[in-house]
file final-v1.csv (CSV, C-alpha atoms)
chain,number,residue,atom,x,y,z
A,1,SER,CA,-33.6,1.1,34.9
A,2,SER,CA,-33.1,-1.3,31.9
A,3,SER,CA,-30.2,-2.9,33.8
A,4,LEU,CA,-32.8,-4.5,36.2
A,5,SER,CA,-33.9,-7.0,33.6
A,6,VAL,CA,-33.8,-10.8,34.3
A,7,ARG,CA,-30.1,-11.6,34.2
A,8,ALA,CA,-27.4,-13.0,36.4
A,9,ALA,CA,-25.9,-9.6,37.2
A,10,THR,CA,-29.2,-8.6,38.8
A,11,LEU,CA,-29.3,-11.6,41.1
A,12,THR,CA,-25.8,-10.7,42.4
A,13,CYS,CA,-27.5,-8.0,44.4
A,14,LEU,CA,-29.1,-10.8,46.4
A,15,CYS,CA,-25.7,-12.5,46.8
A,16,PHE,CA,-24.1,-9.5,48.3
A,17,LEU,CA,-27.0,-9.0,50.7
A,18,LEU,CA,-26.8,-12.6,51.8
A,19,GLN,CA,-23.1,-12.4,52.3
A,20,TYR,CA,-23.7,-9.3,54.5
A,21,PHE,CA,-26.3,-11.2,56.6
A,22,PHE,CA,-24.3,-14.4,56.9
A,23,THR,CA,-21.2,-12.4,58.1
A,24,ASP,CA,-23.1,-10.0,60.3
A,25,THR,CA,-20.9,-9.5,63.4
A,26,ASN,CA,-23.9,-8.6,65.5
A,27,GLN,CA,-25.3,-12.1,65.3
A,28,THR,CA,-24.3,-15.1,67.4
A,29,SER,CA,-23.9,-17.3,64.3
A,30,SER,CA,-21.7,-14.8,62.5
A,31,LEU,CA,-18.1,-14.4,61.6
A,32,SER,CA,-17.3,-13.0,65.1
A,33,SER,CA,-18.3,-16.3,66.5
A,34,PHE,CA,-16.4,-18.4,64.0
A,35,GLY,CA,-13.6,-19.8,66.1
A,36,SER,CA,-15.1,-18.7,69.4
A,37,PRO,CA,-16.4,-20.9,72.2
A,38,VAL,CA,-20.1,-21.1,71.3
A,39,LYS,CA,-22.2,-24.1,70.4
A,40,LEU,CA,-21.0,-26.0,67.3
A,41,SER,CA,-24.3,-25.5,65.4
A,42,ARG,CA,-24.2,-21.8,65.8
A,43,ARG,CA,-20.5,-21.5,65.2
A,44,TRP,CA,-20.6,-23.1,61.8
A,45,ILE,CA,-24.0,-22.1,60.5
A,46,SER,CA,-22.7,-19.0,58.8
A,47,VAL,CA,-19.8,-20.9,57.3
A,48,ILE,CA,-22.2,-23.5,55.9
A,49,LEU,CA,-24.4,-20.8,54.5
A,50,LEU,CA,-21.4,-19.1,52.9
A,51,PHE,CA,-20.3,-22.4,51.4
A,52,ILE,CA,-23.7,-22.8,49.7
A,53,LEU,CA,-23.7,-19.1,48.6
A,54,TYR,CA,-20.3,-19.3,46.9
A,55,ALA,CA,-21.0,-22.6,45.3
A,56,LEU,CA,-24.0,-21.0,43.6
A,57,TRP,CA,-22.5,-17.6,43.1
A,58,VAL,CA,-19.4,-18.8,41.2
A,59,ASN,CA,-21.7,-20.6,38.7
A,60,LEU,CA,-24.0,-17.5,38.4
A,61,HIS,CA,-21.8,-14.5,37.8
A,62,ILE,CA,-18.2,-13.4,37.8
A,63,SER,CA,-18.9,-10.8,40.5
A,64,PHE,CA,-18.3,-13.7,43.0
A,65,PHE,CA,-14.7,-12.4,43.0
A,66,MET,CA,-15.8,-9.0,44.3
A,67,GLY,CA,-17.6,-10.9,47.1
A,68,LEU,CA,-14.3,-12.7,47.9
A,69,VAL,CA,-12.5,-9.4,48.1
A,70,LEU,CA,-15.1,-8.0,50.5
A,71,LEU,CA,-15.0,-11.2,52.5
A,72,CYS,CA,-11.2,-11.1,52.9
A,73,ALA,CA,-11.4,-7.4,54.0
A,74,ASP,CA,-14.2,-8.2,56.4
A,75,CYS,CA,-12.3,-11.2,58.0
A,76,TRP,CA,-9.1,-9.2,58.4
A,77,ILE,CA,-11.0,-6.3,60.0
A,78,SER,CA,-12.9,-8.7,62.3
A,79,TYR,CA,-9.7,-10.5,63.2
A,80,PHE,CA,-7.6,-7.5,64.2
A,81,SER,CA,-10.5,-5.6,65.9
A,82,GLN,CA,-11.3,-8.6,68.1
A,83,LYS,CA,-7.9,-10.3,68.3
A,84,GLN,CA,-7.9,-10.1,72.1
A,85,HIS,CA,-10.9,-12.4,72.3
A,86,TYR,CA,-9.3,-15.3,70.5
A,87,THR,CA,-6.8,-17.7,71.9
A,88,GLY,CA,-4.7,-20.6,70.4
A,89,GLN,CA,-5.8,-21.9,67.0
A,90,ARG,CA,-8.9,-19.6,67.0
A,91,HIS,CA,-6.5,-16.8,66.0
A,92,TYR,CA,-6.4,-18.2,62.5
A,93,ALA,CA,-10.0,-19.3,62.0
A,94,LEU,CA,-11.2,-16.0,60.5
A,95,LEU,CA,-8.1,-15.8,58.3
A,96,LEU,CA,-8.7,-19.3,56.9
A,97,LEU,CA,-12.3,-18.6,56.0
A,98,PRO,CA,-11.6,-16.7,52.7
A,99,ILE,CA,-9.3,-19.6,51.7
A,100,LEU,CA,-12.1,-22.1,52.3
A,101,MET,CA,-14.4,-20.0,50.1
A,102,VAL,CA,-11.8,-19.9,47.3
A,103,CYS,CA,-11.7,-23.7,47.4
A,104,VAL,CA,-15.5,-23.8,47.2
A,105,THR,CA,-15.4,-21.6,44.1
A,106,LEU,CA,-13.4,-24.2,42.3
A,107,PHE,CA,-16.6,-26.3,42.0
A,108,ASN,CA,-17.5,-24.8,38.6
A,109,PRO,CA,-17.2,-26.2,35.0
A,110,PHE,CA,-13.9,-24.4,34.5
A,111,THR,CA,-12.4,-25.2,38.0
A,112,TYR,CA,-9.2,-23.1,38.6
A,113,LYS,CA,-9.4,-21.6,35.1
A,114,ILE,CA,-12.1,-19.3,36.4
A,115,TYR,CA,-9.4,-17.2,38.0
A,116,GLN,CA,-7.5,-17.1,34.7
A,117,TYR,CA,-10.6,-15.5,33.3
A,118,VAL,CA,-10.8,-13.0,36.2
A,119,PHE,CA,-7.2,-12.1,35.4
A,120,HIS,CA,-8.1,-11.8,31.7
A,121,LEU,CA,-10.9,-9.4,32.6
A,122,SER,CA,-8.6,-7.3,34.7
A,123,VAL,CA,-6.1,-7.0,31.8
A,124,GLN,CA,-9.0,-6.1,29.5
A,125,SER,CA,-10.6,-3.7,32.0
A,126,LYS,CA,-9.8,-0.5,30.0
A,127,VAL,CA,-11.5,-1.9,26.9
A,128,LEU,CA,-14.5,-3.2,28.8
A,129,LEU,CA,-15.0,0.1,30.6
A,130,SER,CA,-14.9,2.0,27.3
A,131,SER,CA,-17.0,-0.4,25.4
A,132,ILE,CA,-20.0,-1.2,27.7
A,133,ASN,CA,-22.3,1.7,28.4
A,134,GLU,CA,-23.2,0.6,31.9
A,135,MET,CA,-19.5,0.3,32.7
A,136,HIS,CA,-19.0,4.1,32.1
A,137,PRO,CA,-18.6,6.5,35.0
A,138,PRO,CA,-21.9,8.0,36.2
A,139,ASP,CA,-23.2,10.9,34.2
A,140,ILE,CA,-24.0,13.6,36.7
A,141,SER,CA,-26.4,15.3,34.3
A,142,LEU,CA,-28.9,12.3,34.9
A,143,LEU,CA,-31.2,12.5,37.9
A,144,LYS,CA,-30.4,9.0,39.2
A,145,PHE,CA,-26.7,9.8,39.5
A,146,GLN,CA,-27.4,13.2,41.0
A,147,LEU,CA,-29.2,11.2,43.7
A,148,PHE,CA,-26.2,8.9,44.0
A,149,TYR,CA,-23.9,11.8,44.7
A,150,LEU,CA,-26.4,13.2,47.2
A,151,LEU,CA,-26.4,9.8,49.1
A,152,LEU,CA,-22.6,9.7,48.9
A,153,LEU,CA,-22.5,13.2,50.5
A,154,VAL,CA,-24.8,12.0,53.3
A,155,PHE,CA,-22.5,9.1,53.9
A,156,ILE,CA,-19.4,11.3,54.0
A,157,ILE,CA,-21.1,13.8,56.4
A,158,THR,CA,-22.1,10.8,58.6
A,159,LEU,CA,-18.5,9.7,58.8
A,160,LEU,CA,-17.3,13.2,59.7
A,161,GLY,CA,-20.0,13.4,62.3
A,162,GLN,CA,-18.8,10.0,63.8
A,163,ILE,CA,-15.2,11.3,63.9
A,164,MET,CA,-16.2,14.7,65.5
A,165,LEU,CA,-18.5,13.2,68.1
A,166,LYS,CA,-16.1,10.3,68.8
A,167,GLN,CA,-18.9,7.8,68.7
A,168,THR,CA,-19.3,4.7,66.6
A,169,PHE,CA,-22.6,5.1,64.7
A,170,LEU,CA,-21.5,3.1,61.7
A,171,PRO,CA,-19.5,-0.1,62.3
A,172,THR,CA,-16.3,-0.7,60.4
A,173,LYS,CA,-17.9,-3.5,58.4
A,174,ASP,CA,-20.7,-1.2,57.2
A,175,ILE,CA,-18.2,1.5,56.3
A,176,LEU,CA,-16.3,-1.1,54.3
A,177,PHE,CA,-19.3,-2.2,52.3
A,178,LEU,CA,-20.5,1.3,51.5
A,179,THR,CA,-17.1,2.6,50.6
A,180,PHE,CA,-16.4,-0.4,48.4
A,181,PHE,CA,-19.6,0.1,46.4
A,182,ALA,CA,-19.2,3.9,46.3
A,183,ILE,CA,-15.8,3.6,44.8
A,184,ASN,CA,-16.9,1.0,42.3
A,185,THR,CA,-19.9,3.2,41.3
A,186,ILE,CA,-17.7,6.2,40.7
A,187,VAL,CA,-15.6,4.0,38.3
A,188,SER,CA,-18.6,2.2,36.8
A,189,GLN,CA,-22.2,3.2,37.0
A,190,ARG,CA,-23.6,-0.4,37.1
A,191,PHE,CA,-22.8,-0.6,40.8
A,192,VAL,CA,-25.1,2.3,41.7
A,193,ILE,CA,-27.8,-0.2,42.5
A,194,LEU,CA,-25.7,-2.0,45.1
A,195,PHE,CA,-24.6,1.3,46.7
A,196,ALA,CA,-28.2,2.4,47.0
A,197,LEU,CA,-29.3,-1.0,48.3
A,198,PHE,CA,-26.8,-1.0,51.1
A,199,PHE,CA,-27.4,2.7,51.8
A,200,ALA,CA,-31.1,1.9,52.4
A,201,LEU,CA,-30.1,-1.0,54.6
A,202,LEU,CA,-27.4,0.6,56.8
A,203,MET,CA,-27.9,4.3,56.9
A,204,PRO,CA,-31.4,5.0,58.3
A,205,SER,CA,-30.6,3.9,61.9
A,206,VAL,CA,-27.2,5.6,61.7
A,207,ILE,CA,-28.7,8.9,60.7
A,208,ALA,CA,-31.3,8.6,63.4
A,209,LYS,CA,-28.6,8.0,66.0
A,210,LEU,CA,-26.5,10.9,64.7
A,211,PHE,CA,-29.6,13.2,64.8
A,212,GLN,CA,-30.4,12.0,68.3
A,213,GLN,CA,-27.0,13.2,69.5
A,214,LEU,CA,-27.6,16.6,68.1
A,215,ILE,CA,-31.0,17.1,69.9
A,216,PRO,CA,-31.0,18.5,73.5
A,217,SER,CA,-31.7,15.6,75.9
A,218,ASN,CA,-34.8,17.3,77.5
A,219,THR,CA,-36.8,17.7,74.3
A,220,LEU,CA,-39.8,15.7,73.2
A,221,MET,CA,-38.1,14.9,70.0
A,222,LYS,CA,-35.2,13.2,72.0
A,223,GLN,CA,-37.7,11.1,73.9
A,224,LEU,CA,-39.5,10.0,70.7
A,225,HIS,CA,-36.1,9.0,69.3
A,226,ASN,CA,-35.3,6.9,72.3
A,227,ILE,CA,-38.6,5.1,71.9
A,228,SER,CA,-38.3,4.4,68.2
A,229,SER,CA,-34.6,4.0,67.6
A,230,GLN,CA,-34.7,0.3,68.4
A,231,ASN,CA,-37.3,-0.2,65.7
A,232,ILE,CA,-35.5,1.8,63.0
A,233,LEU,CA,-32.9,-0.8,62.1
A,234,VAL,CA,-35.5,-3.6,62.0
A,235,GLY,CA,-37.6,-1.4,59.7
A,236,ALA,CA,-34.7,-0.7,57.5
A,237,TYR,CA,-34.0,-4.4,57.1
A,238,LYS,CA,-37.6,-5.1,56.2
A,239,VAL,CA,-37.9,-2.2,53.7
A,240,THR,CA,-34.6,-3.2,52.0
A,241,LEU,CA,-35.6,-6.9,51.7
A,242,PHE,CA,-39.0,-5.8,50.3
A,243,CYS,CA,-37.4,-3.5,47.8
A,244,THR,CA,-34.9,-6.2,46.9
A,245,SER,CA,-37.7,-8.7,46.3
A,246,LEU,CA,-39.3,-6.2,44.0
A,247,LEU,CA,-36.0,-5.5,42.2
A,248,LEU,CA,-35.4,-9.1,41.6
A,249,PHE,CA,-38.8,-10.6,40.9
A,250,THR,CA,-40.9,-7.9,39.2
A,251,PRO,CA,-39.1,-8.6,35.9
A,252,LEU,CA,-40.2,-12.2,36.1
A,253,VAL,CA,-43.9,-11.2,35.7
A,254,GLY,CA,-43.3,-9.5,32.4
A,255,ILE,CA,-42.3,-6.0,33.4
A,256,ASN,CA,-39.2,-5.0,31.4
A,257,GLU,CA,-39.0,-8.6,30.1
A,258,TYR,CA,-36.4,-7.8,27.4
A,259,GLY,CA,-34.5,-5.1,29.4
A,260,VAL,CA,-32.2,-3.2,27.1
A,261,CYS,CA,-33.5,-5.2,24.1
A,262,ALA,CA,-37.1,-3.9,24.5
A,263,GLN,CA,-36.5,-1.3,21.7
A,264,SER,CA,-35.0,-3.8,19.4
A,265,ILE,CA,-37.5,-6.7,19.6
A,266,LYS,CA,-39.5,-5.8,16.5
A,267,ALA,CA,-36.4,-5.4,14.4
A,268,VAL,CA,-35.0,-8.7,15.7
A,269,ASP,CA,-38.2,-10.5,14.8
A,270,GLU,CA,-38.2,-8.9,11.4
A,271,TYR,CA,-34.6,-9.9,10.7
A,272,THR,CA,-35.2,-13.6,11.7
A,273,ASN,CA,-38.3,-13.7,9.5
A,274,ILE,CA,-36.3,-12.3,6.6
A,275,ILE,CA,-33.4,-14.7,6.7
A,276,ASN,CA,-35.8,-17.6,7.5
A,277,ASP,CA,-33.2,-19.9,9.1
A,278,LYS,CA,-30.7,-19.6,6.2
A,279,LYS,CA,-27.3,-20.9,7.3
A,280,SER,CA,-24.9,-19.0,5.1
A,281,ILE,CA,-25.9,-15.5,6.0
A,282,LYS,CA,-23.1,-13.1,6.7
A,283,LEU,CA,-24.2,-10.3,9.1
A,284,PHE,CA,-22.6,-7.2,10.4
A,285,ASN,CA,-24.1,-5.7,13.5
A,286,ASP,CA,-23.4,-3.4,16.5
A,287,PRO,CA,-22.8,-4.9,20.0
A,288,LEU,CA,-26.3,-4.5,21.5
A,289,SER,CA,-28.1,-5.7,18.3
A,290,GLY,CA,-25.9,-8.8,18.3
A,291,SER,CA,-26.8,-9.6,22.0
A,292,CYS,CA,-30.5,-9.0,21.4
A,293,LEU,CA,-30.5,-11.3,18.4
A,294,LEU,CA,-28.8,-14.0,20.4
A,295,TYR,CA,-31.1,-13.4,23.4
A,296,VAL,CA,-34.3,-13.8,21.4
A,297,HIS,CA,-33.1,-16.3,18.8
A,298,PRO,CA,-30.0,-18.1,20.0
A,299,LYS,CA,-29.4,-20.0,16.7
A,300,VAL,CA,-28.9,-16.8,14.7
A,301,LYS,CA,-25.3,-16.2,13.6
A,302,VAL,CA,-24.1,-12.7,14.5
A,303,TYR,CA,-20.9,-10.8,13.8
A,304,ALA,CA,-20.2,-10.2,17.5
A,305,ASP,CA,-22.1,-9.1,20.7
A,306,THR,CA,-21.6,-7.4,24.0
A,307,ARG,CA,-19.5,-10.1,25.5
A,308,PHE,CA,-16.4,-8.0,24.9
A,309,ASP,CA,-14.2,-10.3,27.1
A,310,LEU,CA,-14.5,-13.0,24.3
A,311,TYR,CA,-12.7,-10.8,21.7
A,312,THR,CA,-9.3,-9.3,21.4
A,313,SER,CA,-8.6,-5.6,22.0
A,314,SER,CA,-7.7,-5.0,18.4
A,315,PHE,CA,-10.9,-6.6,17.2
A,316,ILE,CA,-13.0,-4.4,19.5
A,317,HIS,CA,-11.1,-1.3,18.4
A,318,ASP,CA,-11.6,-2.0,14.7
A,319,TRP,CA,-15.2,-2.9,15.2
A,320,LYS,CA,-16.0,0.2,17.2
A,321,GLY,CA,-14.1,2.3,14.7
A,322,THR,CA,-16.2,1.0,11.8
A,323,LEU,CA,-19.4,1.6,13.7
A,324,GLN,CA,-18.4,5.1,14.5
A,325,GLY,CA,-17.9,5.8,10.8
A,326,GLY,CA,-14.1,5.6,11.0
A,327,ASN,CA,-13.8,4.2,7.4
A,328,SER,CA,-13.5,7.1,5.0
A,329,ASN,CA,-14.4,5.0,2.0
A,330,ILE,CA,-17.5,3.1,3.2
A,331,HIS,CA,-18.2,1.8,-0.3
A,332,GLU,CA,-14.8,0.0,-0.4
A,333,TRP,CA,-15.3,-1.4,3.0
A,334,THR,CA,-18.7,-2.9,2.2
A,335,LYS,CA,-17.4,-4.3,-1.1
A,336,GLU,CA,-14.4,-5.9,0.7
A,337,GLU,CA,-16.3,-7.4,3.6
A,338,ASP,CA,-19.3,-8.5,1.4
A,339,PHE,CA,-21.9,-8.7,4.2
A,340,ASP,CA,-25.3,-9.9,3.2
A,341,TYR,CA,-27.1,-7.9,5.9
A,342,ILE,CA,-26.2,-5.0,8.2
A,343,PHE,CA,-28.2,-4.7,11.4
A,344,LEU,CA,-27.6,-1.4,13.3
A,345,ASN,CA,-28.9,0.7,16.1
A,346,LYS,CA,-29.4,4.2,14.8
A,347,GLU,CA,-27.1,5.7,17.5
A,348,TRP,CA,-24.1,4.5,15.5
A,349,PRO,CA,-22.8,7.0,12.9
A,350,LEU,CA,-22.2,4.1,10.4
A,351,PHE,CA,-26.0,4.0,10.0
A,352,SER,CA,-26.2,7.5,8.3
A,353,LYS,CA,-23.1,6.8,6.2
A,354,LEU,CA,-24.7,3.7,4.7
A,355,LEU,CA,-28.0,5.4,4.2
A,356,ASN,CA,-26.5,8.4,2.5
A,357,ASN,CA,-23.2,7.4,0.8
A,358,ASP,CA,-23.3,3.7,-0.1
A,359,TYR,CA,-25.3,2.4,-3.1
A,360,SER,CA,-24.6,-1.4,-2.7
A,361,TYR,CA,-27.0,-1.6,0.4
A,362,THR,CA,-30.6,-0.7,0.7
A,363,PRO,CA,-32.7,-0.4,3.9
A,364,ILE,CA,-35.4,-3.1,4.1
A,365,TYR,CA,-36.6,-2.3,7.6
A,366,GLN,CA,-36.3,0.6,10.0
A,367,ASP,CA,-38.1,2.0,13.0
A,368,ALA,CA,-37.3,4.7,15.5
A,369,HIS,CA,-34.3,2.9,16.9
A,370,ASN,CA,-33.0,0.3,14.4
A,371,ILE,CA,-32.4,-0.2,10.8
A,372,ILE,CA,-31.6,-3.3,8.6
A,373,PHE,CA,-29.7,-3.1,5.3
A,374,LYS,CA,-29.6,-5.7,2.7
A,375,LYS,CA,-27.0,-6.1,0.0
A,376,LYS,CA,-28.4,-5.5,-3.4
A,377,PHE,CA,-28.7,-8.6,-5.6
A,378,THR,CA,-28.5,-10.9,-2.5
call {"tool": "encode", "arguments": {"input": "final-v1.csv", "output": "structure tokens"}}
result
Amino acid sequence: SSSLSVRAATLTCLCFLLQYFFTDTNQTSSLSSFGSPVKLSRRWISVILLFILYALWVNLHISFFMGLVLLCADCWISYFSQKQHYTGQRHYALLLLPILMVCVTLFNPFTYKIYQYVFHLSVQSKVLLSSINEMHPPDISLLKFQLFYLLLLVFIITLLGQIMLKQTFLPTKDILFLTFFAINTIVSQRFVILFALFFALLMPSVIAKLFQQLIPSNTLMKQLHNISSQNILVGAYKVTLFCTSLLLFTPLVGINEYGVCAQSIKAVDEYTNIINDKKSIKLFNDPLSGSCLLYVHPKVKVYADTRFDLYTSSFIHDWKGTLQGGNSNIHEWTKEEDFDYIFLNKEWPLFSKLLNNDYSYTPIYQDAHNIIFKKKFT
């Protein structure tokens, strides 16, 4: 997937994994022991690790807020499910942990304003979901999303099996994580990686246990399951961590170096060679072309890029309308705006309109995916 290029959003996969491990209620140094009578070093080790994680995460990507939502839900579930084990002030230890993490997230260049930005994104969510391709709902016609729905079906069947057999194969915490990422993936396809990652981590041992219950106790298969079931979870952890390492670090050795910009690199280089560091160039471009130009040559001035949260809803609406060929009189639009160059991906309808109907611009470069127009007499 082109979304697995080197970028902050990819590294958040590791952040979610680390949060899961640091708050693993099966470990003595986990949330379940926070506030319980165990050695101080073990009681606080997960808290210290979470402090470090959120101090880095808030300065890495806005998805830290999703991590906080999961942490709050996890703490509340742990608190109410194990309330009888806590006495006195320990009742409130788990409930205070998310507040402590919120305080940690204030250590960023924008301090409390980072939460104003989160609020701004929530207000702009409709625009963002419609404007960014990877934020669209999953397309079931694509194989990778067919696999997602297959995994989702397995998850649902496992939950039903757990209810029918009245046994806890999947802890509440794991159900929380998988459900959270499943819902987010249904809304926005970019989260399919996280759902698949946690499915690979959590489900193999659960499926093995469920299958074990359905096999007659006197069969050879049952005996084999009894021998191997203890190793399945360990194996799942190892495989998941290995796959995560590949997911995070293979781009660093040159594979998919430019990600979604790979198809635009030649056009980007050609454009920068043409303008030759001229300062007064007025460019019109589509979102992805703008981001690719800035990614490869940060000093190039672009019309706008894929950081839709930086622009108003009306600006994005007009911009997309133009790119989709919404202006009936393309000649009047180009004359009024007076752009020196127009850099477009050929997927936008404006490309064909300029090529066929406007005589004030001429194509000076094109390949299978991109085209660059120059205003005549510039």
call {"tool": "closest_residue", "arguments": {"input": "final-v1.csv", "among": "A:Phe351, A:Phe145, A:Trp76, A:Phe191", "to": "Thr10 (chain A)", "atoms": "only C-alpha atoms"}}
result
A:Phe191
call {"tool": "residues_around", "arguments": {"input": "final-v1.csv", "residues": "Ile364 (chain A)", "least_positions_apart": "3", "cutoff": "10 Å", "atoms": "only C-alpha atoms", "output": "JSON, numbers by chain"}}
result
{"A": [270, 271, 274, 341, 361, 371, 372, 373, 374, 375]}
call {"tool": "atom_distance", "arguments": {"input": "final-v1.csv", "atom1": "CA of Lys320 (chain A)", "atom2": "CA of Phe65 (chain A)"}}
result
28.7 Å
call {"tool": "closest_residue", "arguments": {"input": "final-v1.csv", "among": "A:His136, A:Lys209, A:Lys376, A:Arg190", "to": "Thr168 (chain A)", "atoms": "only C-alpha atoms"}}
result
A:Lys209
call {"tool": "closest_residue", "arguments": {"input": "final-v1.csv", "among": "A:Tyr20, A:Phe169, A:Phe148, A:Tyr117", "to": "Gln189 (chain A)", "atoms": "all atoms listed in the file"}}
result
A:Phe148
call {"tool": "closest_residue", "arguments": {"input": "final-v1.csv", "among": "A:Leu201, A:Glu336, A:Pro138, A:Tyr303", "to": "Ile183 (chain A)", "atoms": "all atoms listed in the file"}}
result
A:Pro138
call {"tool": "atom_distance", "arguments": {"input": "final-v1.csv", "atom1": "CA of Thr272 (chain A)", "atom2": "CA of Asp340 (chain A)"}}
result
13.6 Å
call {"tool": "atom_distance", "arguments": {"input": "final-v1.csv", "atom1": "CA of Ala93 (chain A)", "atom2": "CA of Tyr112 (chain A)"}}
result
23.7 Å
call {"tool": "closest_residue", "arguments": {"input": "final-v1.csv", "among": "A:Tyr79, A:Pro171, A:Asn370, A:Val192", "to": "Asp269 (chain A)", "atoms": "all atoms listed in the file"}}
result
A:Asn370
call {"tool": "residues_near_point", "arguments": {"input": "final-v1.csv", "point": "(-22.3, 8.3, 9.7)", "cutoff": "10 Å", "atoms": "only C-alpha atoms", "output": "MDAnalysis selection string"}}
result
chainID A and resid 322:327 330 346:357
call {"tool": "residues_around", "arguments": {"input": "final-v1.csv", "residues": "Phe284 (chain A)", "least_positions_apart": "6", "cutoff": "9 Å", "atoms": "only C-alpha atoms", "output": "list in words"}}
result
Gly290, Val302, Tyr303, Ala304, Phe339, Asp340, Tyr341, Ile342, Phe343 and Leu344 of chain A
call {"tool": "closest_residue", "arguments": {"input": "final-v1.csv", "among": "A:Leu178, A:Met66, A:Cys15, A:Ile114", "to": "Ala200 (chain A)", "atoms": "all atoms listed in the file"}}
result
A:Leu178
call {"tool": "build_atoms", "arguments": {"input": "final-v1.csv", "residues": "region 309-314 of chain A", "atoms": "all heavy atoms", "output": "compact mmCIF listing (two decimals), in the frame of the given file"}}
result
# COMPACT_ATOMS: atom_id res chain seq x y z
N ASP A 309 -15.36 -9.53 26.52
CA ASP A 309 -14.20 -10.30 27.10
C ASP A 309 -13.88 -11.50 26.17
O ASP A 309 -12.82 -12.11 26.35
CB ASP A 309 -14.57 -10.79 28.47
CG ASP A 309 -15.93 -11.48 28.54
OD1 ASP A 309 -16.93 -10.81 28.32
OD2 ASP A 309 -15.96 -12.70 28.80
N LEU A 310 -14.75 -11.83 25.21
CA LEU A 310 -14.50 -13.00 24.30
C LEU A 310 -13.62 -12.57 23.12
O LEU A 310 -13.15 -13.44 22.39
CB LEU A 310 -15.79 -13.57 23.81
CG LEU A 310 -16.75 -14.13 24.85
CD1 LEU A 310 -17.99 -14.68 24.16
CD2 LEU A 310 -16.08 -15.22 25.69
N TYR A 311 -13.42 -11.28 22.92
CA TYR A 311 -12.70 -10.80 21.70
C TYR A 311 -11.43 -10.09 22.11
O TYR A 311 -11.25 -9.66 23.25
CB TYR A 311 -13.63 -9.84 20.93
CG TYR A 311 -15.03 -10.36 20.73
CD1 TYR A 311 -16.12 -9.79 21.39
CD2 TYR A 311 -15.28 -11.44 19.89
CE1 TYR A 311 -17.40 -10.27 21.22
CE2 TYR A 311 -16.56 -11.94 19.71
CZ TYR A 311 -17.62 -11.35 20.39
OH TYR A 311 -18.88 -11.84 20.21
N THR A 312 -10.55 -9.97 21.14
CA THR A 312 -9.30 -9.30 21.40
C THR A 312 -9.49 -7.77 21.38
O THR A 312 -10.46 -7.26 20.82
CB THR A 312 -8.25 -9.65 20.31
OG1 THR A 312 -8.72 -9.19 19.03
CG2 THR A 312 -8.04 -11.16 20.25
N SER A 313 -8.55 -7.07 21.98
CA SER A 313 -8.60 -5.60 22.00
C SER A 313 -8.60 -5.00 20.64
O SER A 313 -9.31 -4.03 20.36
CB SER A 313 -7.48 -5.06 22.88
OG SER A 313 -7.53 -5.54 24.19
N SER A 314 -7.78 -5.56 19.76
CA SER A 314 -7.70 -5.00 18.40
C SER A 314 -8.97 -5.21 17.63
O SER A 314 -9.39 -4.32 16.87
CB SER A 314 -6.51 -5.69 17.66
OG SER A 314 -6.70 -7.09 17.60
